[in-house]
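Pasting start-v9.tsv here (TSV, C-alpha atoms):
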```
chain	number	residue	atom	x	y	z
F	34	MET	CA	-59.32	63.08	-36.31
F	35	LEU	CA	-60.84	61.92	-33.01
F	36	PRO	CA	-64.30	60.40	-32.96
F	37	SER	CA	-67.06	62.52	-31.63
F	38	ASN	CA	-68.58	59.79	-29.48
F	39	ALA	CA	-66.70	60.62	-26.27
F	40	PRO	CA	-69.71	59.96	-23.95
F	41	ASP	CA	-70.10	56.42	-25.39
F	42	TRP	CA	-66.40	55.72	-24.88
F	43	GLU	CA	-66.47	56.94	-21.24
F	44	ALA	CA	-69.40	54.65	-20.46
F	45	ALA	CA	-67.55	51.66	-21.87
F	46	ASN	CA	-64.26	52.61	-20.13
F	47	PRO	CA	-65.05	54.38	-16.84
F	48	PRO	CA	-62.35	56.64	-15.41
F	49	PRO	CA	-60.46	55.37	-12.37
F	50	ASN	CA	-61.98	55.98	-8.93
F	51	LYS	CA	-60.94	59.38	-7.72
F	52	GLY	CA	-61.16	58.29	-4.05
F	53	GLY	CA	-57.58	56.88	-4.12
F	54	PRO	CA	-56.03	53.46	-4.68
F	55	ARG	CA	-57.81	50.36	-3.38
F	56	VAL	CA	-56.01	47.90	-1.14
F	57	SER	CA	-56.67	44.36	-2.24
F	58	ALA	CA	-57.62	41.69	0.31
F	59	GLY	CA	-54.45	39.71	-0.44
F	60	LEU	CA	-52.24	42.67	0.36
F	61	ALA	CA	-54.12	43.28	3.62
F	62	VAL	CA	-53.66	39.63	4.67
F	63	THR	CA	-49.95	39.75	3.78
F	64	LEU	CA	-49.44	42.91	5.83
F	65	GLY	CA	-51.33	41.37	8.75
F	66	LEU	CA	-49.19	38.23	8.66
F	67	LEU	CA	-46.03	40.34	8.45
F	68	ILE	CA	-47.06	42.26	11.57
F	69	VAL	CA	-47.76	38.99	13.43
F	70	LEU	CA	-44.38	37.56	12.34
F	71	ILE	CA	-42.55	40.66	13.56
F	72	GLY	CA	-44.36	40.34	16.89
F	73	VAL	CA	-43.39	36.67	17.25
F	74	ILE	CA	-39.74	37.41	16.44
F	75	ALA	CA	-39.66	40.32	18.88
F	76	PHE	CA	-41.14	38.09	21.60
F	77	ALA	CA	-38.66	35.26	20.88
F	78	VAL	CA	-35.67	37.61	20.97
F	79	THR	CA	-36.69	38.90	24.39
F	80	ARG	CA	-36.76	35.28	25.63
F	81	LEU	CA	-33.17	34.50	24.59
F	82	PRO	CA	-30.72	34.00	27.48
F	83	THR	CA	-28.39	36.90	28.04
F	84	GLY	CA	-25.94	35.31	30.49
F	85	PRO	CA	-23.01	33.02	29.76
F	86	VAL	CA	-23.72	29.63	28.20
F	87	ALA	CA	-23.92	26.94	30.87
F	88	ARG	CA	-21.47	24.07	30.63
F	89	PRO	CA	-22.55	20.51	31.29
F	90	ALA	CA	-22.29	19.40	34.86
F	91	ALA	CA	-19.19	17.47	35.79
F	92	PRO	CA	-19.74	13.76	35.32
F	93	THR	CA	-20.44	11.72	38.39
F	94	PRO	CA	-17.76	9.37	39.70
F	95	ALA	CA	-19.92	6.43	38.64
F	96	ALA	CA	-19.87	7.65	35.04
F	97	ALA	CA	-16.22	8.58	34.94
F	98	GLY	CA	-14.64	6.21	37.42
F	99	ALA	CA	-12.68	3.11	36.48
F	100	GLY	CA	-14.68	0.59	38.46
F	101	GLY	CA	-14.93	2.84	41.51
F	102	GLY	CA	-11.32	3.97	41.39
F	103	ILE	CA	-9.79	6.84	43.29
F	104	THR	CA	-8.85	10.25	41.96
F	105	ALA	CA	-5.37	10.08	40.42
F	106	ASP	CA	-2.53	12.06	41.94
F	107	ALA	CA	-1.15	15.05	40.02
F	108	ALA	CA	1.77	13.14	38.41
F	109	THR	CA	-0.48	10.30	37.25
F	110	GLN	CA	-3.06	12.76	35.92
F	111	GLN	CA	-0.34	14.52	33.90
F	112	ALA	CA	0.98	11.21	32.52
F	113	ILE	CA	-2.53	10.13	31.49
F	114	GLN	CA	-3.27	13.52	29.89
F	115	ASP	CA	-0.01	13.27	27.90
F	116	VAL	CA	-0.93	9.79	26.65
F	117	ILE	CA	-4.37	10.97	25.50
F	118	ARG	CA	-2.85	14.04	23.79
F	119	ASN	CA	-0.48	11.68	21.92
F	120	VAL	CA	-3.46	9.63	20.73
F	121	ASP	CA	-5.25	12.76	19.51
F	122	ASP	CA	-2.08	14.09	17.84
F	123	ALA	CA	-1.67	10.75	16.05
F	124	GLN	CA	-5.19	11.03	14.64
F	125	VAL	CA	-4.44	14.52	13.33
F	126	GLN	CA	-1.25	13.18	11.71
F	127	ALA	CA	-3.03	10.12	10.25
F	128	ILE	CA	-5.61	12.27	8.47
F	129	ALA	CA	-3.03	14.86	7.34
F	130	SER	CA	-0.78	12.16	5.86
F	131	ASN	CA	-3.71	10.15	4.43
F	132	ASN	CA	-2.39	7.16	6.38
F	133	PRO	CA	-5.27	5.87	8.53
F	134	ARG	CA	-3.19	3.00	9.93
F	135	LEU	CA	-0.60	5.26	11.54
F	136	SER	CA	0.37	3.34	14.67
F	137	ILE	CA	-0.02	4.96	18.08
F	138	ALA	CA	2.67	3.94	20.57
F	139	THR	CA	0.53	5.05	23.53
F	140	ALA	CA	-2.41	2.75	22.66
F	141	THR	CA	-3.18	-0.95	22.75
F	142	PRO	CA	-3.17	-2.95	19.47
F	143	ASP	CA	-6.98	-3.26	19.63
F	144	PHE	CA	-7.38	0.49	20.06
F	145	ASN	CA	-4.94	1.08	17.19
F	146	ALA	CA	-7.12	-1.13	14.96
F	147	GLU	CA	-10.30	0.71	16.00
F	148	GLN	CA	-8.64	4.07	15.44
F	149	ALA	CA	-7.41	3.01	11.99
F	150	ALA	CA	-10.95	1.96	11.02
F	151	GLY	CA	-12.33	5.27	12.29
F	152	ASN	CA	-9.68	7.24	10.42
F	153	GLN	CA	-10.43	5.31	7.22
F	154	ASP	CA	-14.13	6.12	7.65
F	155	LEU	CA	-13.29	9.82	7.99
F	156	LEU	CA	-11.13	9.75	4.84
F	157	ASP	CA	-13.78	7.79	2.91
F	158	ASN	CA	-16.33	10.46	3.82
F	159	GLY	CA	-14.27	13.33	2.44
F	160	VAL	CA	-12.49	14.56	5.58
F	161	THR	CA	-9.20	16.17	4.58
F	162	GLU	CA	-8.12	17.69	7.89
F	163	VAL	CA	-8.92	17.44	11.59
F	164	LYS	CA	-7.76	19.83	14.30
F	165	LEU	CA	-8.03	19.55	18.06
F	166	LEU	CA	-8.98	23.01	19.30
F	167	ASN	CA	-9.47	22.44	23.02
F	168	MET	CA	-9.38	19.83	25.79
F	169	GLU	CA	-11.34	20.40	29.01
F	170	TRP	CA	-10.32	17.82	31.58
F	171	GLY	CA	-12.80	16.18	33.90
F	172	GLN	CA	-12.20	13.48	36.47
F	173	ILE	CA	-9.26	11.08	36.15
F	174	THR	CA	-9.46	8.01	38.35
F	175	VAL	CA	-7.19	5.03	38.90
F	176	ASN	CA	-8.04	1.51	40.02
F	177	GLY	CA	-4.87	-0.58	40.17
F	178	ASN	CA	-3.51	-1.02	36.65
F	179	SER	CA	-6.49	0.64	34.95
F	180	ALA	CA	-7.63	4.23	34.77
F	181	SER	CA	-10.47	6.31	33.39
F	182	ALA	CA	-10.21	9.88	32.14
F	183	THR	CA	-13.03	12.20	31.11
F	184	VAL	CA	-12.25	15.02	28.72
F	185	TYR	CA	-14.42	17.32	26.62
F	186	GLU	CA	-12.70	17.65	23.24
F	187	THR	CA	-13.48	20.35	20.69
F	188	TRP	CA	-12.51	19.39	17.13
F	189	THR	CA	-12.89	20.83	13.66
F	190	MET	CA	-13.12	18.71	10.53
F	191	THR	CA	-12.52	20.09	7.06
F	192	LEU	CA	-14.21	18.30	4.18
F	193	ASN	CA	-12.96	18.05	0.61
F	194	ASP	CA	-15.54	20.65	-0.49
F	195	GLY	CA	-14.02	23.20	1.91
F	196	THR	CA	-16.78	22.91	4.53
F	197	THR	CA	-15.58	23.04	8.14
F	198	VAL	CA	-17.55	21.38	10.93
F	199	GLN	CA	-16.90	21.92	14.64
F	200	SER	CA	-17.99	19.62	17.47
F	201	ARG	CA	-17.51	19.31	21.21
F	202	ASP	CA	-17.88	15.82	22.66
F	203	ARG	CA	-17.41	14.15	26.02
F	204	ASN	CA	-14.84	11.38	25.77
F	205	ILE	CA	-14.30	8.76	28.44
F	206	TYR	CA	-10.95	7.10	27.91
F	207	THR	CA	-10.03	3.77	29.50
F	208	LEU	CA	-6.32	3.25	30.03
F	209	VAL	CA	-4.27	0.28	31.20
F	210	LYS	CA	-0.62	-0.19	32.10
F	211	ASP	CA	1.50	-2.00	29.52
F	212	ASN	CA	4.29	-4.50	30.35
F	213	SER	CA	6.67	-1.59	31.02
F	214	GLY	CA	4.28	0.02	33.50
F	215	ASN	CA	3.35	2.88	31.13
F	216	TRP	CA	-0.21	4.03	30.59
F	217	VAL	CA	-1.75	3.22	27.18
F	218	VAL	CA	-5.25	3.92	25.83
F	219	GLN	CA	-7.46	0.86	25.63
F	220	ALA	CA	-10.79	2.48	24.67
F	221	ASP	CA	-12.50	5.81	24.02
F	222	VAL	CA	-16.28	6.13	24.22
F	223	HIS	CA	-18.49	9.12	23.51
F	224	PRO	CA	-21.45	8.46	25.81
F	225	ASP	CA	-23.44	11.54	24.76
F	226	GLN	CA	-23.67	10.47	21.11
F	227	PRO	CA	-26.75	8.52	19.97
F	228	GLY	CA	-26.13	4.78	19.98
F	229	ALA	CA	-23.07	5.02	22.22
F	230	PRO	CA	-22.39	2.03	24.47
F	231	PRO	CA	-23.24	2.55	28.13
F	232	THR	CA	-20.49	3.53	30.54
F	233	ASN	CA	-19.88	1.64	33.76
```
Would you put the structure from the file into structure tokens?
Amino acid sequence: MLPSNAPDWEAANPPPNKGGPRVSAGLAVTLGLLIVLIGVIAFAVTRLPTGPVARPAAPTPAAAGAGGGITADAATQQAIQDVIRNVDDAQVQAIASNNPRLSIATATPDFNAEQAAGNQDLLDNGVTEVKLLNMEWGQITVNGNSASATVYETWTMTLNDGTTVQSRDRNIYTLVKDNSGNWVVQADVHPDQPGAPPTN
């Protein structure tokens, strides 16, 4: 049986407001912030560039030249490009074979030692594969028995956890002629990386 004190119970437990649900202050603030966030995102999206991505300007002769050298003729440019490709191919092979000291015939002994140390560093940090995706050639200059070549190289590195990282860097290669008169790589600097040595 139900108690007969219904009016006392209603006073202690009032019925819900019949005017509709109340919006709490926290919900109102959240909705307000959401509207502001949508407005900021919409504004930012309208500010994004819509044209093609600009490439870096070609390096100046002072940055790419071998001590003020002259632009190499077509045959010399091709020979220098082939030498640099051989160096890059050797790095790919060194990482793939887990042999960081793989010797590069188209490089000086000092460069071979530097490259071996760099390859070992990559292997020690979990790199299992490197791939050269693209080479964009800049200025190639010659000054007697030395040369300088600028190339933008795009590489991918695969780590032992399966992560793949892609980068595009400006490389300035210094080449010299060996005793047989063939071009060999003496140095490779990445002047756009933090802490890189200055270029001449």
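Closest to Ala220 in chain F among F:Pro133, F:Gly65, F:Pro142, F:Gly102 is F:Pro142, based on only C-alpha atoms.
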Spatial neighbours of range 190-201 of chain F, max dist 6 Å, only C-alpha atoms, sep filter under 5 positions, as a ChimeraX atom specification = /F:159-163
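Atom pair CA of Ile103 in chain F / CA of Val184 in chain F has a distance of 16.9 Å (rounded to one decimal).
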Mind giving me the straight-line distance from CA of Ala123 in chain F to CA of Ile137 in chain F in Å, one decimal?
->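 So the answer is 6.4 Å.
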Take CA of Asp221 in chain F and CA of Asp202 in chain F and report the distance between them in Å, one decimal.
->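 Straight-line distance from CA of Asp221 in chain F to CA of Asp202 in chain F works out to 11.4 Å.
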May I ask which of the residues F:Ser181, F:Asn145, F:Ser57, F:Ser213 is the closest one to Ala105 in chain F, counting only C-alpha atoms?
->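 The closest residue to Ala105 in chain F is F:Ser181.
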Name the closest residue to Ile173 in chain F among the candidates F:Gln126, F:Gln226, F:Thr187, F:Gln110; distances are taken between atoms, counting all atoms listed in the file.
->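 The shortest atom-to-atom distance to Ile173 in chain F comes from F:Gln110.
Of the listed residues F:Gln219, F:Gln111, F:Asn119, F:Thr189, the one whose atoms come nearest to Trp170 in chain F is F:Gln111, with distances taken using all atoms listed in the file.
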So which residues are close to (-6.9, 4.1, 27.0), meaning at most 7 Å away in the file's coordinates with only C-alpha atoms counted, and can you show them as a PyMOL selection string?
-> chain F and resi 140+206-209+217-221
Nearest residue to Ile117 in chain F from the set F:Asp211, F:Glu147, F:Asp157, F:Glu186 (distances using only C-alpha atoms) | F:Glu186
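For the set F:Gln153, F:Asn178, F:Thr104, F:Gln172, the residue with the smallest atom-to-atom gap to Asn212 in chain F is F:Asn178, counting all atoms listed in the file.
Within 10 Å of Arg118 in chain F, once all atoms listed in the file are used and residues closer than 4 positions along the same chain are dropped, the contacting residues are Ala112, Ile113, Gln114, Asp122, Ala123, Gln124, Thr139, Leu165 and Met168 of chain F.
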Could those selected residues go to a file with C-alpha atoms, as an mmCIF file, in the frame of the given file?
```
data_model
loop_
_atom_site.group_PDB
_atom_site.id
_atom_site.type_symbol
_atom_site.label_atom_id
_atom_site.label_comp_id
_atom_site.auth_asym_id
_atom_site.auth_seq_id
_atom_site.Cartn_x
_atom_site.Cartn_y
_atom_site.Cartn_z
ATOM 1 C CA ALA F 112 0.980 11.210 32.520
ATOM 2 C CA ILE F 113 -2.530 10.130 31.490
ATOM 3 C CA GLN F 114 -3.270 13.520 29.890
ATOM 4 C CA ASP F 122 -2.080 14.090 17.840
ATOM 5 C CA ALA F 123 -1.670 10.750 16.050
ATOM 6 C CA GLN F 124 -5.190 11.030 14.640
ATOM 7 C CA THR F 139 0.530 5.050 23.530
ATOM 8 C CA LEU F 165 -8.030 19.550 18.060
ATOM 9 C CA MET F 168 -9.380 19.830 25.790
#
```
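Proximity to Asn132 in chain F at 12 Å, evaluated using only C-alpha atoms and with sequence-adjacent residues fewer than 2 positions away removed, yields Ala123, Gln124, Val125, Gln126, Ala127, Ile128, Ala129, Ser130, Arg134, Leu135, Ser136, Gln148, Ala149, Ala150, Gly151, Asn152, Gln153, Asp154, Leu155, Leu156, Asp157 and Thr161 of chain F.
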